[in-house]
$ cat query_35.txt   # compact mmCIF, C-alpha atoms
# COMPACT_ATOMS: atom_id res chain seq x y z
CA MET D 1 48.04 194.82 92.85
CA ALA D 2 50.25 192.20 94.44
CA LEU D 3 52.96 190.54 92.42
CA SER D 4 52.44 186.90 91.60
CA ASP D 5 55.05 184.39 92.75
CA ARG D 6 56.23 183.83 89.18
CA SER D 7 56.57 187.52 88.31
CA ARG D 8 58.34 188.18 91.59
CA GLU D 9 60.84 185.42 90.90
CA SER D 10 61.47 186.87 87.44
CA LEU D 11 62.50 190.21 88.94
CA LEU D 12 64.76 189.10 91.76
CA PRO D 13 68.35 187.83 91.76
CA SER D 14 68.89 184.30 92.96
CA PHE D 15 71.41 185.29 95.67
CA LEU D 16 68.51 186.58 97.78
CA TYR D 17 67.21 183.07 98.30
CA ALA D 18 68.59 180.67 100.88
CA SER D 19 69.98 177.49 99.38
CA SER D 20 69.41 175.35 102.46
CA SER D 21 65.63 175.20 102.23
CA SER D 22 63.28 173.96 99.56
CA ALA D 23 60.22 175.72 100.95
CA ARG D 24 58.56 178.07 98.60
CA SER D 25 57.62 180.99 100.85
CA PHE D 26 56.47 181.74 104.35
CA ALA D 27 53.57 183.42 106.06
CA ALA D 28 53.84 185.66 109.13
CA THR D 29 51.63 185.00 112.15
CA PRO D 30 51.28 187.01 115.39
CA SER D 31 53.13 184.38 117.42
CA ARG D 32 55.79 183.27 115.00
CA LEU D 33 57.53 185.34 112.38
CA SER D 34 57.84 182.60 109.78
CA VAL D 35 55.89 179.46 109.03
CA PRO D 36 57.06 177.28 106.13
CA VAL D 37 54.53 176.75 103.38
CA PRO D 38 54.35 173.28 101.84
CA ALA D 39 56.32 172.84 98.64
CA PRO D 40 54.30 173.26 95.43
CA ALA D 41 53.13 170.34 93.41
CA PRO D 42 55.63 169.05 90.84
CA ALA D 43 53.53 170.40 88.00
CA ALA D 44 53.54 173.88 89.49
CA ALA D 45 57.25 173.65 90.15
CA ALA D 46 58.12 172.80 86.59
CA ALA D 47 60.38 175.34 84.92
CA GLY D 48 58.41 175.60 81.69
CA GLY D 49 55.96 178.33 80.78
CA GLY D 50 56.03 182.04 81.37
CA ALA D 51 57.76 184.71 79.34
CA PRO D 52 60.72 183.33 77.39
CA PHE D 53 63.12 186.00 78.72
CA SER D 54 62.27 185.41 82.40
CA ILE D 55 65.04 184.13 84.66
CA GLN D 56 63.41 182.13 87.41
CA ALA D 57 64.89 182.41 90.89
CA PRO D 58 65.19 179.25 93.00
CA LYS D 59 61.80 178.35 94.44
CA GLU D 60 62.92 178.70 98.03
CA LYS D 61 62.14 181.08 100.85
CA ILE D 62 64.41 183.67 102.43
CA GLU D 63 65.01 182.46 105.96
CA LEU D 64 64.72 185.15 108.61
CA TYR D 65 68.09 186.32 109.94
CA SER D 66 70.01 184.31 107.35
CA PRO D 67 72.73 185.95 105.18
CA ALA D 68 70.15 186.17 102.39
CA PHE D 69 67.77 188.00 104.74
CA TYR D 70 70.38 190.63 105.59
CA ALA D 71 71.30 190.93 101.91
CA ALA D 72 67.65 191.61 101.08
CA CYS D 73 67.39 194.23 103.84
CA THR D 74 70.59 195.87 102.57
CA ALA D 75 69.21 196.01 99.03
CA GLY D 76 65.94 197.44 100.32
CA GLY D 77 67.87 200.10 102.23
CA ILE D 78 69.75 201.13 99.09
CA ALA D 79 66.50 201.56 97.18
CA SER D 80 64.66 203.38 99.96
CA CYS D 81 67.34 205.90 100.96
CA GLY D 82 69.13 206.59 97.67
CA LEU D 83 66.01 207.17 95.57
CA THR D 84 64.10 209.22 98.13
CA HIS D 85 66.98 211.56 98.99
CA MET D 86 67.66 212.12 95.30
CA ALA D 87 63.97 212.91 94.71
CA VAL D 88 63.97 215.68 97.34
CA THR D 89 67.23 217.25 96.12
CA PRO D 90 65.46 220.56 95.27
CA LEU D 91 64.12 220.86 98.83
CA ASP D 92 67.50 219.90 100.26
CA LEU D 93 69.20 222.50 98.05
CA VAL D 94 66.93 225.30 99.27
CA LYS D 95 67.25 224.13 102.89
CA CYS D 96 71.07 224.13 102.79
CA ASN D 97 71.16 227.62 101.25
CA MET D 98 68.67 228.94 103.80
CA GLN D 99 70.97 227.67 106.54
CA ILE D 100 74.10 229.21 105.01
CA ASP D 101 72.68 232.51 103.68
CA PRO D 102 69.35 233.38 105.37
CA VAL D 103 69.48 236.96 104.12
CA LYS D 104 69.39 235.88 100.48
CA TYR D 105 67.21 232.80 100.99
CA LYS D 106 64.53 234.17 103.33
CA SER D 107 61.87 231.48 102.87
CA ILE D 108 61.10 228.31 100.97
CA SER D 109 59.20 230.07 98.19
CA SER D 110 61.71 232.90 97.79
CA GLY D 111 64.56 230.36 97.93
CA PHE D 112 63.13 228.48 94.97
CA GLY D 113 62.67 231.79 93.16
CA VAL D 114 66.30 232.82 93.71
CA LEU D 115 67.60 229.45 92.51
CA LEU D 116 65.38 229.49 89.43
CA LYS D 117 66.48 233.02 88.52
CA GLU D 118 70.20 232.41 89.05
CA GLN D 119 70.64 228.80 87.94
CA GLY D 120 67.57 227.85 85.95
CA ALA D 121 65.46 224.71 86.40
CA ARG D 122 68.50 222.44 86.06
CA GLY D 123 69.98 224.04 89.15
CA PHE D 124 67.33 222.45 91.34
CA PHE D 125 69.07 219.08 91.04
CA ARG D 126 72.62 220.29 91.55
CA GLY D 127 74.43 217.72 93.68
CA TRP D 128 72.09 214.82 92.87
CA VAL D 129 74.93 212.35 92.14
CA PRO D 130 76.67 212.59 95.54
CA THR D 131 73.20 212.58 97.09
CA LEU D 132 72.20 209.36 95.30
CA LEU D 133 75.47 207.53 95.91
CA GLY D 134 76.01 208.78 99.45
CA TYR D 135 72.55 207.99 100.73
CA SER D 136 72.46 204.66 98.91
CA ALA D 137 75.60 203.66 100.81
CA GLN D 138 74.13 205.00 104.02
CA GLY D 139 70.82 203.20 103.47
CA ALA D 140 72.56 199.89 102.83
CA CYS D 141 74.37 200.11 106.17
CA LYS D 142 71.50 201.71 108.08
CA PHE D 143 68.82 199.12 107.30
CA GLY D 144 71.07 196.09 106.93
CA PHE D 145 72.94 196.63 110.18
CA TYR D 146 69.77 197.69 112.03
CA GLU D 147 68.18 194.31 111.32
CA PHE D 148 71.43 192.62 112.39
CA PHE D 149 71.88 194.56 115.63
CA LYS D 150 68.19 194.32 116.54
CA LYS D 151 68.42 190.53 116.37
CA TYR D 152 71.85 190.49 118.04
CA TYR D 153 70.76 192.58 121.03
CA SER D 154 67.50 190.62 121.33
CA ASP D 155 69.47 187.38 121.58
CA ILE D 156 71.76 188.88 124.24
CA ALA D 157 68.78 190.10 126.27
CA GLY D 158 66.87 186.82 126.05
CA PRO D 159 63.15 186.33 125.31
CA GLU D 160 61.75 187.96 128.48
CA TYR D 161 63.95 191.06 128.49
CA ALA D 162 63.84 191.45 124.70
CA GLN D 163 60.08 191.90 124.99
CA LYS D 164 60.24 194.04 128.13
CA TYR D 165 62.93 196.39 126.85
CA LYS D 166 62.19 196.24 123.13
CA THR D 167 62.31 200.05 122.74
CA LEU D 168 65.83 200.10 124.17
CA ILE D 169 66.78 197.36 121.70
CA TYR D 170 65.37 199.46 118.83
CA LEU D 171 67.36 202.47 120.05
CA ALA D 172 70.61 200.55 120.53
CA GLY D 173 70.31 198.69 117.23
CA SER D 174 69.60 201.83 115.20
CA ALA D 175 72.39 203.83 116.90
CA SER D 176 74.92 201.07 116.25
CA ALA D 177 73.89 200.85 112.60
CA GLU D 178 74.04 204.61 112.07
CA VAL D 179 77.61 204.90 113.40
CA ILE D 180 78.68 202.63 110.53
CA ALA D 181 76.33 204.18 107.97
CA ASP D 182 77.65 207.72 108.50
CA VAL D 183 81.23 206.67 107.80
CA ALA D 184 79.99 205.63 104.36
CA LEU D 185 77.93 208.81 103.88
CA CYS D 186 80.31 211.50 105.15
CA PRO D 187 82.58 212.02 102.09
CA PHE D 188 79.59 212.30 99.75
CA GLU D 189 77.80 214.68 102.12
CA ALA D 190 80.84 216.97 102.29
CA VAL D 191 81.03 217.26 98.50
CA LYS D 192 77.24 217.62 98.16
CA VAL D 193 77.02 220.56 100.55
CA ARG D 194 79.97 222.33 98.90
CA VAL D 195 78.50 221.84 95.40
CA GLN D 196 75.04 223.01 96.48
CA THR D 197 76.04 226.08 98.49
CA GLN D 198 78.99 227.42 96.50
CA PRO D 199 77.99 228.09 92.88
CA GLY D 200 80.94 227.57 90.58
CA PHE D 201 82.77 225.23 92.95
CA ALA D 202 82.00 222.18 90.83
CA ARG D 203 79.32 220.67 88.62
CA GLY D 204 78.97 217.53 90.69
CA LEU D 205 80.80 214.60 92.26
CA SER D 206 83.23 213.80 89.45
CA ASP D 207 84.95 217.20 89.55
CA GLY D 208 83.88 218.22 93.06
CA LEU D 209 85.52 215.30 94.89
CA PRO D 210 89.07 215.76 93.53
CA LYS D 211 88.79 219.55 93.95
CA PHE D 212 87.69 219.11 97.56
CA VAL D 213 90.57 216.71 98.28
CA ARG D 214 93.12 219.07 96.69
CA SER D 215 91.81 221.91 98.81
CA GLU D 216 91.43 220.22 102.21
CA GLY D 217 93.04 216.80 101.89
CA ALA D 218 91.39 213.40 102.11
CA LEU D 219 90.78 213.78 105.84
CA GLY D 220 88.86 216.96 105.09
CA LEU D 221 86.09 214.76 103.71
CA TYR D 222 85.52 213.58 107.28
CA LYS D 223 85.67 217.01 108.91
CA GLY D 224 81.93 216.90 109.41
CA LEU D 225 81.77 213.30 110.69
CA VAL D 226 81.20 214.14 114.37
CA PRO D 227 78.43 216.69 113.62
CA LEU D 228 77.03 214.18 111.13
CA TRP D 229 76.88 211.60 113.91
CA GLY D 230 75.27 214.27 116.06
CA ARG D 231 72.60 214.76 113.41
CA GLN D 232 72.08 211.24 112.13
CA ILE D 233 72.33 209.09 115.28
CA PRO D 234 69.49 210.87 117.14
CA TYR D 235 67.58 211.04 113.85
CA THR D 236 67.95 207.31 113.20
CA MET D 237 67.21 206.32 116.80
CA MET D 238 64.00 208.32 116.61
CA LYS D 239 63.28 207.04 113.10
CA PHE D 240 63.40 203.36 114.00
CA ALA D 241 62.19 203.36 117.61
CA SER D 242 59.25 205.68 117.00
CA PHE D 243 58.33 203.88 113.77
CA GLU D 244 58.30 200.48 115.47
CA THR D 245 56.23 201.89 118.36
CA ILE D 246 53.78 203.80 116.15
CA VAL D 247 53.19 200.83 113.85
CA GLU D 248 52.65 198.53 116.82
CA LEU D 249 50.11 200.98 118.29
CA ILE D 250 48.29 201.27 114.95
CA TYR D 251 47.90 197.51 114.67
CA LYS D 252 46.93 197.22 118.34
CA HIS D 253 44.41 200.06 118.60
CA ALA D 254 43.38 201.23 115.12
CA MET D 255 43.06 198.01 113.13
CA PRO D 256 40.08 195.71 113.64
CA VAL D 257 42.07 192.60 112.71
CA PRO D 258 45.61 191.34 113.51
CA LYS D 259 48.48 192.28 111.23
CA SER D 260 48.57 188.77 109.75
CA GLU D 261 45.02 189.26 108.44
CA CYS D 262 45.65 192.69 106.92
CA SER D 263 46.29 192.87 103.18
CA LYS D 264 49.80 193.71 101.99
CA MET D 265 48.59 197.06 100.65
CA THR D 266 47.12 197.91 104.05
CA GLN D 267 50.37 196.96 105.76
CA LEU D 268 52.35 199.14 103.35
CA GLY D 269 49.96 202.04 103.97
CA ILE D 270 50.57 201.67 107.72
CA SER D 271 54.33 201.61 107.05
CA PHE D 272 54.10 204.91 105.17
CA ALA D 273 51.89 206.56 107.81
CA GLY D 274 54.10 205.38 110.66
CA GLY D 275 57.17 206.54 108.77
CA TYR D 276 55.77 210.02 108.12
CA ILE D 277 54.86 210.58 111.78
CA ALA D 278 58.27 209.29 112.86
CA GLY D 279 59.91 211.63 110.34
CA VAL D 280 58.43 214.72 112.00
CA PHE D 281 60.00 213.72 115.31
CA CYS D 282 63.27 212.95 113.52
CA ALA D 283 63.48 216.40 111.96
CA VAL D 284 63.05 218.18 115.27
CA VAL D 285 65.62 216.21 117.29
CA SER D 286 68.32 216.27 114.60
CA HIS D 287 67.95 219.79 113.25
CA PRO D 288 70.62 221.63 115.31
CA ALA D 289 73.26 219.17 114.13
CA ASP D 290 71.98 219.52 110.55
CA ASN D 291 72.70 223.25 110.71
CA LEU D 292 76.19 222.49 112.00
CA VAL D 293 76.90 220.01 109.20
CA SER D 294 75.83 222.49 106.52
CA PHE D 295 77.92 225.28 108.04
CA LEU D 296 81.11 223.22 108.59
CA ASN D 297 81.06 221.68 105.11
CA ASN D 298 80.48 225.07 103.47
CA ALA D 299 83.24 227.09 105.17
CA LYS D 300 86.89 226.05 105.06
CA GLY D 301 88.46 225.88 108.50
CA ALA D 302 85.18 226.59 110.30
CA THR D 303 84.56 225.24 113.81
CA VAL D 304 81.49 224.39 115.86
CA GLY D 305 82.07 227.57 117.88
CA ASP D 306 81.97 229.63 114.67
CA ALA D 307 78.64 228.02 113.77
CA VAL D 308 77.10 228.77 117.17
CA LYS D 309 78.19 232.41 116.91
CA LYS D 310 76.72 232.73 113.43
CA PHE D 311 73.40 230.99 114.08
CA GLY D 312 72.83 231.83 117.73
CA LEU D 313 71.39 229.20 120.06
CA VAL D 314 67.79 229.74 118.99
CA GLY D 315 68.72 229.88 115.31
CA LEU D 316 70.61 226.62 115.62
CA PHE D 317 67.32 224.91 116.55
CA THR D 318 64.94 226.84 114.28
CA ARG D 319 66.65 228.09 111.11
CA GLY D 320 65.36 226.03 108.18
CA LEU D 321 63.24 223.81 110.47
CA PRO D 322 59.83 224.12 108.71
CA ILE D 323 61.19 223.04 105.34
CA ARG D 324 63.13 220.24 106.99
CA ILE D 325 59.99 218.93 108.74
CA VAL D 326 58.22 218.76 105.37
CA MET D 327 61.24 217.17 103.70
CA ILE D 328 62.09 214.64 106.42
CA GLY D 329 58.47 213.67 107.08
CA THR D 330 57.89 212.90 103.42
CA LEU D 331 61.31 211.32 103.09
CA THR D 332 60.95 209.01 106.07
CA GLY D 333 57.44 207.93 105.13
CA ALA D 334 58.56 207.14 101.60
CA GLN D 335 61.65 205.30 102.84
CA TRP D 336 59.64 202.97 105.07
CA GLY D 337 57.10 202.46 102.29
CA ILE D 338 59.77 201.55 99.74
CA TYR D 339 61.75 199.41 102.18
CA ASP D 340 58.73 197.37 103.25
CA ALA D 341 57.48 197.13 99.65
CA PHE D 342 60.83 195.61 98.70
CA LYS D 343 60.59 193.18 101.63
CA VAL D 344 57.09 192.15 100.54
CA MET D 345 58.31 191.69 96.97
CA VAL D 346 60.97 189.20 98.08
CA GLY D 347 58.55 187.38 100.36
CA LEU D 348 59.45 188.91 103.73
CA PRO D 349 57.00 190.41 106.27
CA THR D 350 56.74 194.18 106.68
CA THR D 351 58.56 195.83 109.58
CA GLY D 352 56.90 196.32 112.96
CA GLY D 353 53.78 195.05 114.62
CA VAL D 354 55.37 191.80 115.81
CA THR D 355 58.26 191.67 118.27
CA PRO D 356 61.20 189.67 116.82
CA ALA D 357 61.68 186.34 118.57
CA PRO D 358 65.24 185.68 119.83
CA ALA D 359 67.03 182.61 118.57
CA GLU D 360 66.61 180.72 121.84
CA THR D 361 62.81 180.98 121.64
CA GLU D 362 62.71 179.75 118.06
CA SER D 363 65.00 176.81 118.77
CA LYS D 364 62.91 175.72 121.79
CA ALA D 365 59.70 175.96 119.81
CA SER D 366 61.09 173.83 117.01
CA ALA D 367 62.61 171.21 119.34
$ encode --input "query_35.txt" --output "structure tokens"
Amino acid sequence: MALSDRSRESLLPSFLYASSSSARSFAATPSRLSVPVPAPAPAAAAAGGGAPFSIQAPKEKIELYSPAFYAACTAGGIASCGLTHMAVTPLDLVKCNMQIDPVKYKSISSGFGVLLKEQGARGFFRGWVPTLLGYSAQGACKFGFYEFFKKYYSDIAGPEYAQKYKTLIYLAGSASAEVIADVALCPFEAVKVRVQTQPGFARGLSDGLPKFVRSEGALGLYKGLVPLWGRQIPYTMMKFASFETIVELIYKHAMPVPKSECSKMTQLGISFAGGYIAGVFCAVVSHPADNLVSFLNNAKGATVGDAVKKFGLVGLFTRGLPIRIVMIGTLTGAQWGIYDAFKVMVGLPTTGGVTPAPAETESKASA
């Protein structure tokens, strides 16, 4: 059930709303991304009524591509990436151990059995703190900077080329965002892998981080940055470009009405479905680098050459792939669902289905 305007305002911080406009909200149409809605009647705008503990946000819209818009996208990225990665920590734990010790962890089911026998049920969430914090930081940069770079590159290209080469803009924007996002993620990922694959190394982030730094120095936290880029940049390029394309195709060929006429729940369902399909592609293209990241962060002084010798070329592409397809498909679908649900909650349109209009087009239309 959709949130009412009043309940939505009660939940959201005021910094998400632009101070330069007095419009209440906006509606998305196929030709224009935002159309101001007339201001409410004075009686409806009165501050009285409602629950006594509610803090009402300013009754103004979030303008597309304003600082408040990017702040909202950043907050949505934190929620979508941090929570979903933490939720699949047990799968990630088994996957990492299957990559490092395939003799002991032969399959998904046997891997869970080994962990349960050796570490108990609590062991399934070992490393959840660096997972939550690391992927929250990554999500903030990934989604926030993606929206920024997508608009930035669209403006550079101009209206005609932005439409013609929109897939290239999605690829360039997501790659640029992920370069920044991985710098934020890398230290947490290094500690997470060490905690999850070396029992007894540390209980979590609070004791694992200083122990890691004492052992390998602060720069050791970034030992896996290049392989992490190798894993995450192709993953994110596939995640965003394929999602945008899949969602556009769904609205174009599978829906009987335009996106603007679909209910919010329908739009969110399409976001999840598009995200899940995109996640399968993501898992395949990024898996070799994922094996490298797990190996390098587990073994002190290890090199990429050592990893290739251990895994073999075929193993680099296939070891742990089935579980990662399940994990990343679910993860990516949930991330897009949560991200777009957050955008809907703050009054923004869901992602995809409408090509973003460059600034020049909007300014000409409003002139």
$ closest_residue --input "query_35.txt" --among "D:Lys117, D:Lys300, D:Lys151, D:His85" --to "D:Glu216" --atoms "all atoms listed in the file"
D:Lys300
$ residues_near_point --input "query_35.txt" --point "(61.8, 207.7, 92.9)" --cutoff "12 Å" --atoms "only C-alpha atoms" --output "ChimeraX atom specification"
/D:79-89,132,331,334-335,337-338
$ write_last_selection --input "query_35.txt" --atoms "C-alpha atoms" --output "mmCIF file, keeping the file's coordinate frame"
data_model
loop_
_atom_site.group_PDB
_atom_site.id
_atom_site.type_symbol
_atom_site.label_atom_id
_atom_site.label_comp_id
_atom_site.auth_asym_id
_atom_site.auth_seq_id
_atom_site.Cartn_x
_atom_site.Cartn_y
_atom_site.Cartn_z
ATOM 1 C CA ALA D 79 66.500 201.560 97.180
ATOM 2 C CA SER D 80 64.660 203.380 99.960
ATOM 3 C CA CYS D 81 67.340 205.900 100.960
ATOM 4 C CA GLY D 82 69.130 206.590 97.670
ATOM 5 C CA LEU D 83 66.010 207.170 95.570
ATOM 6 C CA THR D 84 64.100 209.220 98.130
ATOM 7 C CA HIS D 85 66.980 211.560 98.990
ATOM 8 C CA MET D 86 67.660 212.120 95.300
ATOM 9 C CA ALA D 87 63.970 212.910 94.710
ATOM 10 C CA VAL D 88 63.970 215.680 97.340
ATOM 11 C CA THR D 89 67.230 217.250 96.120
ATOM 12 C CA LEU D 132 72.200 209.360 95.300
ATOM 13 C CA LEU D 331 61.310 211.320 103.090
ATOM 14 C CA ALA D 334 58.560 207.140 101.600
ATOM 15 C CA GLN D 335 61.650 205.300 102.840
ATOM 16 C CA GLY D 337 57.100 202.460 102.290
ATOM 17 C CA ILE D 338 59.770 201.550 99.740
#
$ closest_residue --input "query_35.txt" --among "D:Leu292, D:Ala218, D:Ala175, D:Ala202" --to "D:Gln99" --atoms "only C-alpha atoms"
D:Leu292
$ closest_residue --input "query_35.txt" --among "D:Ala177, D:Val94, D:Ala241, D:Ala121" --to "D:Phe149" --atoms "only C-alpha atoms"
D:Ala177
$ atom_distance --input "query_35.txt" --atom1 "atom CA of D:Ala278" --atom2 "atom CA of D:Thr350"
16.4 Å
$ residues_near_point --input "query_35.txt" --point "(64.1, 229.8, 101.5)" --cutoff "12 Å" --atoms "all atoms listed in the file" --output "PyMOL selection string"
chain D and resi 90-115+319-324
$ atom_distance --input "query_35.txt" --atom1 "atom CA of D:Asp207" --atom2 "atom CA of D:Thr303"
25.6 Å
$ atom_distance --input "query_35.txt" --atom1 "atom CA of D:Pro258" --atom2 "atom CA of D:Gln163"
18.5 Å
$ residues_around --input "query_35.txt" --residues "D:Gln138" --least-positions-apart "5" --cutoff "12 Å" --atoms "only C-alpha atoms" --output "ChimeraX atom specification"
/D:74-83,85,130-133,143-146,177-189,228,232,236
$ decode --input "query_35.txt" --residues "stretch 324-333 of chain D" --atoms "all heavy atoms" --output "compact mmCIF listing (two decimals), in the first residue's frame"
# COMPACT_ATOMS: atom_id res chain seq x y z
N ARG D 324 27.27 -18.11 -6.67
CA ARG D 324 27.37 -16.67 -6.87
C ARG D 324 26.25 -16.17 -7.79
O ARG D 324 25.76 -15.04 -7.62
CB ARG D 324 28.74 -16.30 -7.44
CG ARG D 324 29.01 -14.80 -7.38
CD ARG D 324 30.48 -14.48 -7.41
NE ARG D 324 30.66 -13.04 -7.24
CZ ARG D 324 30.72 -12.16 -8.26
NH1 ARG D 324 30.64 -12.61 -9.51
NH2 ARG D 324 30.86 -10.89 -8.03
N ILE D 325 25.83 -16.97 -8.75
CA ILE D 325 24.69 -16.58 -9.60
C ILE D 325 23.43 -16.43 -8.76
O ILE D 325 22.68 -15.46 -8.89
CB ILE D 325 24.48 -17.62 -10.72
CG1 ILE D 325 25.60 -17.48 -11.77
CG2 ILE D 325 23.12 -17.44 -11.38
CD1 ILE D 325 25.53 -18.51 -12.88
N VAL D 326 23.20 -17.40 -7.87
CA VAL D 326 22.03 -17.31 -6.97
C VAL D 326 22.14 -16.08 -6.08
O VAL D 326 21.18 -15.31 -5.92
CB VAL D 326 21.91 -18.58 -6.12
CG1 VAL D 326 20.79 -18.43 -5.10
CG2 VAL D 326 21.65 -19.80 -7.00
N MET D 327 23.31 -15.88 -5.50
CA MET D 327 23.51 -14.78 -4.56
C MET D 327 23.40 -13.42 -5.25
O MET D 327 22.68 -12.53 -4.79
CB MET D 327 24.88 -14.90 -3.89
CG MET D 327 25.12 -13.87 -2.80
SD MET D 327 26.77 -14.03 -2.04
CE MET D 327 27.77 -13.09 -3.19
N ILE D 328 24.10 -13.26 -6.38
CA ILE D 328 24.12 -11.96 -7.05
C ILE D 328 22.80 -11.65 -7.73
O ILE D 328 22.36 -10.49 -7.76
CB ILE D 328 25.28 -11.90 -8.06
CG1 ILE D 328 26.62 -12.05 -7.33
CG2 ILE D 328 25.26 -10.60 -8.84
CD1 ILE D 328 26.88 -10.96 -6.31
N GLY D 329 22.13 -12.67 -8.29
CA GLY D 329 20.81 -12.43 -8.88
C GLY D 329 19.83 -11.91 -7.85
O GLY D 329 19.16 -10.89 -8.07
N THR D 330 19.76 -12.61 -6.73
CA THR D 330 18.86 -12.17 -5.64
C THR D 330 19.28 -10.81 -5.12
O THR D 330 18.44 -9.93 -4.88
CB THR D 330 18.89 -13.20 -4.50
OG1 THR D 330 18.57 -14.50 -5.03
CG2 THR D 330 17.90 -12.84 -3.43
N LEU D 331 20.57 -10.65 -4.93
CA LEU D 331 21.11 -9.41 -4.37
C LEU D 331 20.78 -8.22 -5.26
O LEU D 331 20.29 -7.18 -4.80
CB LEU D 331 22.63 -9.55 -4.23
CG LEU D 331 23.38 -8.58 -3.33
CD1 LEU D 331 23.06 -8.85 -1.89
CD2 LEU D 331 24.88 -8.74 -3.56
N THR D 332 21.05 -8.36 -6.56
CA THR D 332 20.85 -7.25 -7.47
C THR D 332 19.38 -6.91 -7.63
O THR D 332 19.00 -5.73 -7.69
CB THR D 332 21.47 -7.57 -8.85
OG1 THR D 332 22.83 -7.99 -8.66
CG2 THR D 332 21.45 -6.37 -9.76
N GLY D 333 18.53 -7.94 -7.71
CA GLY D 333 17.09 -7.68 -7.76
C GLY D 333 16.60 -6.94 -6.53
O GLY D 333 15.83 -5.97 -6.63
